[in-house]
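Listing of protein.csv, CSV, C-alpha atoms
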```csv
chain,number,residue,atom,x,y,z
H,25,MET,CA,-4.5,-49.2,4.1
H,26,ILE,CA,-7.6,-47.2,3.3
H,27,TYR,CA,-6.4,-44.5,5.7
H,28,LEU,CA,-3.0,-44.3,3.9
H,29,GLN,CA,-4.8,-44.0,0.5
H,30,HIS,CA,-6.9,-41.2,1.9
H,31,TYR,CA,-4.1,-39.3,3.7
H,32,LEU,CA,-1.2,-39.9,1.2
H,33,PRO,CA,-2.3,-36.9,-1.0
H,34,ILE,CA,-2.3,-34.7,2.1
H,35,ILE,CA,1.2,-35.9,3.1
H,36,ILE,CA,2.6,-35.3,-0.4
H,37,SER,CA,0.9,-31.9,-0.8
H,38,SER,CA,2.0,-30.7,2.7
H,39,ALA,CA,5.6,-31.7,2.1
H,40,SER,CA,5.6,-30.2,-1.4
H,41,VAL,CA,4.2,-26.8,-0.1
H,42,TYR,CA,6.8,-26.8,2.7
H,43,LEU,CA,9.7,-27.4,0.4
H,44,PHE,CA,8.3,-24.8,-2.1
H,45,ILE,CA,8.1,-22.1,0.6
H,46,ILE,CA,11.6,-22.9,1.8
H,47,LEU,CA,12.9,-22.5,-1.8
H,48,ALA,CA,10.9,-19.4,-2.4
H,49,ILE,CA,12.2,-17.7,0.8
H,50,ARG,CA,15.7,-18.8,-0.2
H,51,LEU,CA,15.3,-17.2,-3.7
H,52,PHE,CA,13.7,-14.0,-2.5
H,53,GLY,CA,16.3,-13.3,0.2
H,54,LYS,CA,17.0,-14.1,3.8
H,55,ARG,CA,16.8,-10.6,5.0
H,56,GLU,CA,13.1,-10.4,4.3
H,57,PHE,CA,12.3,-12.4,7.4
H,58,ALA,CA,14.9,-11.1,9.9
H,59,GLN,CA,12.5,-8.5,11.2
H,60,LEU,CA,9.0,-8.7,10.0
H,61,SER,CA,7.4,-5.4,8.9
H,62,ILE,CA,3.6,-5.1,8.6
H,63,ILE,CA,4.0,-6.0,4.9
H,64,ASP,CA,6.0,-9.1,5.7
H,65,LEU,CA,3.5,-10.2,8.4
H,66,VAL,CA,0.5,-9.8,6.0
H,67,PHE,CA,2.5,-11.7,3.4
H,68,VAL,CA,3.1,-14.6,5.7
H,69,LEU,CA,-0.5,-14.7,6.8
H,70,LEU,CA,-1.8,-14.7,3.3
H,71,ILE,CA,0.7,-17.3,2.1
H,72,SER,CA,-0.4,-19.6,4.9
H,73,ASN,CA,-4.0,-19.1,4.0
H,74,ALA,CA,-3.3,-19.5,0.2
H,75,VAL,CA,-1.5,-22.9,0.6
H,76,GLN,CA,-3.9,-24.4,3.2
H,77,ASN,CA,-6.3,-25.8,0.6
H,78,ALA,CA,-3.4,-27.0,-1.5
H,79,MET,CA,-2.2,-29.1,1.5
H,80,VAL,CA,-5.5,-30.6,2.8
H,81,GLY,CA,-7.7,-30.3,-0.3
H,82,PRO,CA,-11.4,-31.0,0.5
H,83,ASP,CA,-10.5,-32.8,3.7
H,84,THR,CA,-11.2,-30.2,6.4
H,85,THR,CA,-11.5,-32.8,9.2
H,86,LEU,CA,-9.4,-32.7,12.4
H,87,ALA,CA,-7.6,-35.8,11.2
H,88,GLY,CA,-6.7,-34.2,7.9
H,89,GLY,CA,-5.3,-31.1,9.6
H,90,LEU,CA,-3.4,-33.3,12.0
H,91,VAL,CA,-1.9,-35.3,9.2
H,92,ALA,CA,-0.9,-32.0,7.4
H,93,ALA,CA,0.6,-30.6,10.6
H,94,SER,CA,2.4,-33.8,11.4
H,95,THR,CA,3.9,-33.9,7.9
H,96,LEU,CA,5.2,-30.3,8.3
H,97,PHE,CA,6.8,-31.2,11.6
H,98,LEU,CA,8.4,-34.3,10.1
H,99,VAL,CA,9.7,-32.6,7.0
H,100,ASN,CA,11.0,-29.7,9.3
H,101,PHE,CA,12.8,-32.3,11.5
H,102,ILE,CA,14.3,-34.0,8.5
H,103,LEU,CA,15.6,-30.8,7.0
H,104,LYS,CA,17.1,-29.7,10.3
H,105,ALA,CA,18.8,-33.0,10.6
H,106,LEU,CA,20.2,-32.8,7.1
H,107,THR,CA,21.5,-29.3,7.6
H,108,TYR,CA,23.2,-30.3,10.8
H,109,ARG,CA,24.8,-33.4,9.2
H,110,PHE,CA,25.7,-32.0,5.8
H,111,PRO,CA,27.2,-28.5,5.8
H,112,PHE,CA,26.8,-28.1,2.0
H,113,PHE,CA,23.1,-28.7,2.5
H,114,GLN,CA,22.9,-26.0,5.1
H,115,THR,CA,24.7,-23.6,2.8
H,116,PHE,CA,22.2,-24.5,0.1
H,117,ILE,CA,19.2,-23.9,2.3
H,118,THR,CA,20.4,-20.8,4.3
H,119,GLY,CA,23.0,-19.4,2.0
H,120,GLN,CA,26.3,-17.8,3.2
H,121,SER,CA,27.1,-14.7,5.2
H,122,ILE,CA,27.9,-11.6,3.0
H,123,VAL,CA,30.6,-9.1,3.8
H,124,LEU,CA,29.2,-5.6,3.5
H,125,VAL,CA,32.0,-3.5,4.9
H,126,TYR,CA,35.7,-4.4,5.3
H,127,LYS,CA,38.1,-2.0,6.9
H,128,GLY,CA,35.8,1.0,6.5
H,129,GLU,CA,35.1,0.3,2.8
H,130,VAL,CA,31.6,-0.6,1.6
H,131,ASN,CA,31.4,-3.6,-0.7
H,132,GLU,CA,28.9,-2.2,-3.2
H,133,GLU,CA,28.5,-5.4,-5.1
H,134,ASN,CA,27.6,-7.4,-2.0
H,135,LEU,CA,25.3,-4.6,-0.9
H,136,ARG,CA,23.4,-5.0,-4.2
H,137,LYS,CA,23.4,-8.8,-3.9
H,138,ALA,CA,21.8,-8.4,-0.4
H,139,HIS,CA,19.2,-5.9,-1.7
H,140,LEU,CA,20.3,-3.4,1.0
H,141,SER,CA,20.5,0.3,0.5
H,142,ILE,CA,23.4,2.3,1.8
H,143,ASN,CA,21.0,4.1,4.1
H,144,GLU,CA,19.9,0.7,5.7
H,145,LEU,CA,23.5,-0.2,6.1
H,146,ILE,CA,24.4,3.1,7.8
H,147,GLU,CA,21.3,2.8,10.0
H,148,SER,CA,22.4,-0.7,11.1
H,149,ILE,CA,26.0,0.6,11.8
H,150,HIS,CA,24.6,3.4,13.9
H,151,GLU,CA,22.5,0.9,15.9
H,152,HIS,CA,25.7,-1.0,16.7
H,153,GLY,CA,27.3,2.2,18.1
H,154,SER,CA,29.5,3.3,15.3
H,155,SER,CA,29.1,6.8,13.9
H,156,SER,CA,30.5,6.2,10.5
H,157,VAL,CA,31.2,3.4,7.9
H,158,LYS,CA,34.9,4.4,8.2
H,159,ASP,CA,34.8,3.3,11.9
H,160,VAL,CA,33.7,-0.2,11.0
H,161,ASP,CA,36.3,-2.9,10.5
H,162,LEU,CA,33.8,-5.5,9.4
H,163,ALA,CA,30.0,-5.6,8.8
H,164,VAL,CA,28.4,-8.9,7.7
H,165,LEU,CA,24.9,-9.8,6.7
H,166,GLU,CA,24.5,-13.1,8.5
H,167,THR,CA,22.5,-16.1,7.2
H,168,ASP,CA,19.7,-15.3,9.6
H,169,GLY,CA,19.3,-11.8,8.1
H,170,ASN,CA,20.9,-9.8,10.9
H,171,ILE,CA,23.9,-7.6,10.4
H,172,SER,CA,26.9,-8.1,12.6
H,173,VAL,CA,29.3,-5.2,13.1
H,174,ILE,CA,32.9,-5.3,14.4
H,175,SER,CA,34.7,-2.0,15.0
H,176,ASP,CA,37.5,-0.4,16.9
H,177,ASP,CA,40.2,-2.8,15.6
H,178,PHE,CA,38.0,-5.8,16.4
H,179,LYS,CA,37.9,-5.0,20.1
H,180,LYS,CA,34.3,-4.0,20.2
H,181,ARG,CA,31.9,-6.6,18.7
H,182,SER,CA,28.2,-6.0,18.3
H,183,ILE,CA,25.5,-8.3,17.0
H,184,LYS,CA,22.0,-6.8,17.2
H,185,PRO,CA,18.9,-7.7,15.2
H,186,ARG,CA,17.8,-5.0,12.8
H,187,LYS,CA,15.0,-2.8,14.2
H,188,ARG,CA,11.7,-2.7,12.5
H,189,ARG,CA,11.2,0.3,10.3
H,190,LYS,CA,7.6,0.7,11.5
H,191,LYS,CA,6.2,-0.4,14.8
H,192,LEU,CA,3.2,-2.7,14.7
H,193,MET,CA,0.1,-1.3,16.2
H,194,ALA,CA,-0.9,-3.0,19.4
```

Please express what this file holds, its structure, as structure tokens.
Amino acid sequence: MIYLQHYLPIIISSASVYLFIILAIRLFGKREFAQLSIIDLVFVLLISNAVQNAMVGPDTTLAGGLVAASTLFLVNFILKALTYRFPFFQTFITGQSIVLVYKGEVNEENLRKAHLSINELIESIHEHGSSSVKDVDLAVLETDGNISVISDDFKKRSIKPRKRRKKLMA
């Protein structure tokens, strides 16, 4: 019982931080993590460092770290089970796909919602082998942040992850 009293704050803090990060990523946009740029990578590293103390507090022992990690694995498992079992929950967590181009016409409103510039859309269309927006029958921002493009009267379908804008230094 004394162990539970000691580790319960770590369990609650770890679960709270996990849920907060999920919500924050959901609010700030799924496309941010489809392909990590240097800025995104630094952001993720700093966030993980910033929330570490909030999760384990003064307990820097191996046991405290294992309790925090176990809690994160458990909460992750539960969320994945919930999203699998309840489609509305998955929609809440991951959002919905957004149609960016339909029959050669750009949906400007959806482009703004997705925080994508026309140049980013055109670049993605080119990466999928189409030379122009007019050649695209359908372009969709998927829930994982990638853009799917269907062209040539739906005969040619291409789904490729967006390329990084800048290559990471090795």

*asked:* As an exercise, work out the distance from CA of Ala87 in chain H to CA of Ile35 in chain H in Å and give it to one decimal place.
replied: 12.0 Å

*Hey, which of H:Lys137, H:Leu98, H:Ile142, H:Val123 ends up closest to Ala163 in chain H? Count only C-alpha atoms.*
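Result for the nearest residue to Ala163 in chain H: H:Val123.
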
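Excluding Ser38 in chain H and any residue on its chain fewer than 3 positions from it, the residues at most 7 Å away by all atoms listed in the file are Ile34, Ile35, Val41, Tyr42, Met79, Ala92, Thr95 and Leu96 of chain H.
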
*Computed interatomic separation between CA of Ser172 in chain H and CA of Leu145 in chain H (Å)*: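 One can read the CA of Ser172 in chain H to CA of Leu145 in chain H distance as 10.8 Å.
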
*Using all atoms listed in the file, which of H:Ser175, H:Glu147, H:Ala105, H:Ser37 sits nearest Tyr126 in chain H?*
H:Ser175

*Two-atom distance - CA of Leu69 in chain H, CA of Gly169 in chain H (Å)*: 20.1 Å

*May I have the residues at most 12 Å from (23.2, 1.2, 2.6) in the file's coordinates, counting all atoms listed in the file, as a list of chain:residue names?*
H:Leu124, H:Val125, H:Glu129, H:Val130, H:Asn131, H:Glu132, H:Glu133, H:Asn134, H:Leu135, H:Arg136, H:Lys137, H:Ala138, H:His139, H:Leu140, H:Ser141, H:Ile142, H:Asn143, H:Glu144, H:Leu145, H:Ile146, H:Glu147, H:Ser148, H:Ile149, H:His150, H:Ser156, H:Val157, H:Ala163, H:Leu165, H:Ile171

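Compared by their closest atoms to Ile122 in chain H, and using all atoms listed in the file, the residues H:Ser154, H:Asn170, H:Thr85, H:Thr107 rank with H:Asn170 nearest.
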
Cut-off 12 Å around (18.1, -32.4, 4.7) with all atoms listed in the file: residues as a short mmCIF file (atom, residue, chain, number, x, y, z; two decimals) with C-alpha atoms, in the frame of the given file:
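Listing of point.cif after writing:
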```cif
data_model
loop_
_atom_site.label_atom_id
_atom_site.label_comp_id
_atom_site.auth_asym_id
_atom_site.auth_seq_id
_atom_site.Cartn_x
_atom_site.Cartn_y
_atom_site.Cartn_z
CA LEU H 43 9.70 -27.40 0.40
CA ILE H 46 11.60 -22.90 1.80
CA LEU H 98 8.40 -34.30 10.10
CA VAL H 99 9.70 -32.60 7.00
CA ASN H 100 11.00 -29.70 9.30
CA PHE H 101 12.80 -32.30 11.50
CA ILE H 102 14.30 -34.00 8.50
CA LEU H 103 15.60 -30.80 7.00
CA LYS H 104 17.10 -29.70 10.30
CA ALA H 105 18.80 -33.00 10.60
CA LEU H 106 20.20 -32.80 7.10
CA THR H 107 21.50 -29.30 7.60
CA TYR H 108 23.20 -30.30 10.80
CA ARG H 109 24.80 -33.40 9.20
CA PHE H 110 25.70 -32.00 5.80
CA PRO H 111 27.20 -28.50 5.80
CA PHE H 112 26.80 -28.10 2.00
CA PHE H 113 23.10 -28.70 2.50
CA GLN H 114 22.90 -26.00 5.10
CA THR H 115 24.70 -23.60 2.80
CA PHE H 116 22.20 -24.50 0.10
CA ILE H 117 19.20 -23.90 2.30
CA THR H 118 20.40 -20.80 4.30
#
```

*Which of these, H:Val173, H:Val160, H:Val80, H:Leu90, has the shortest distance to Pro33 in chain H once you count only C-alpha atoms?*
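The shortest atom-to-atom distance to Pro33 in chain H comes from H:Val80.
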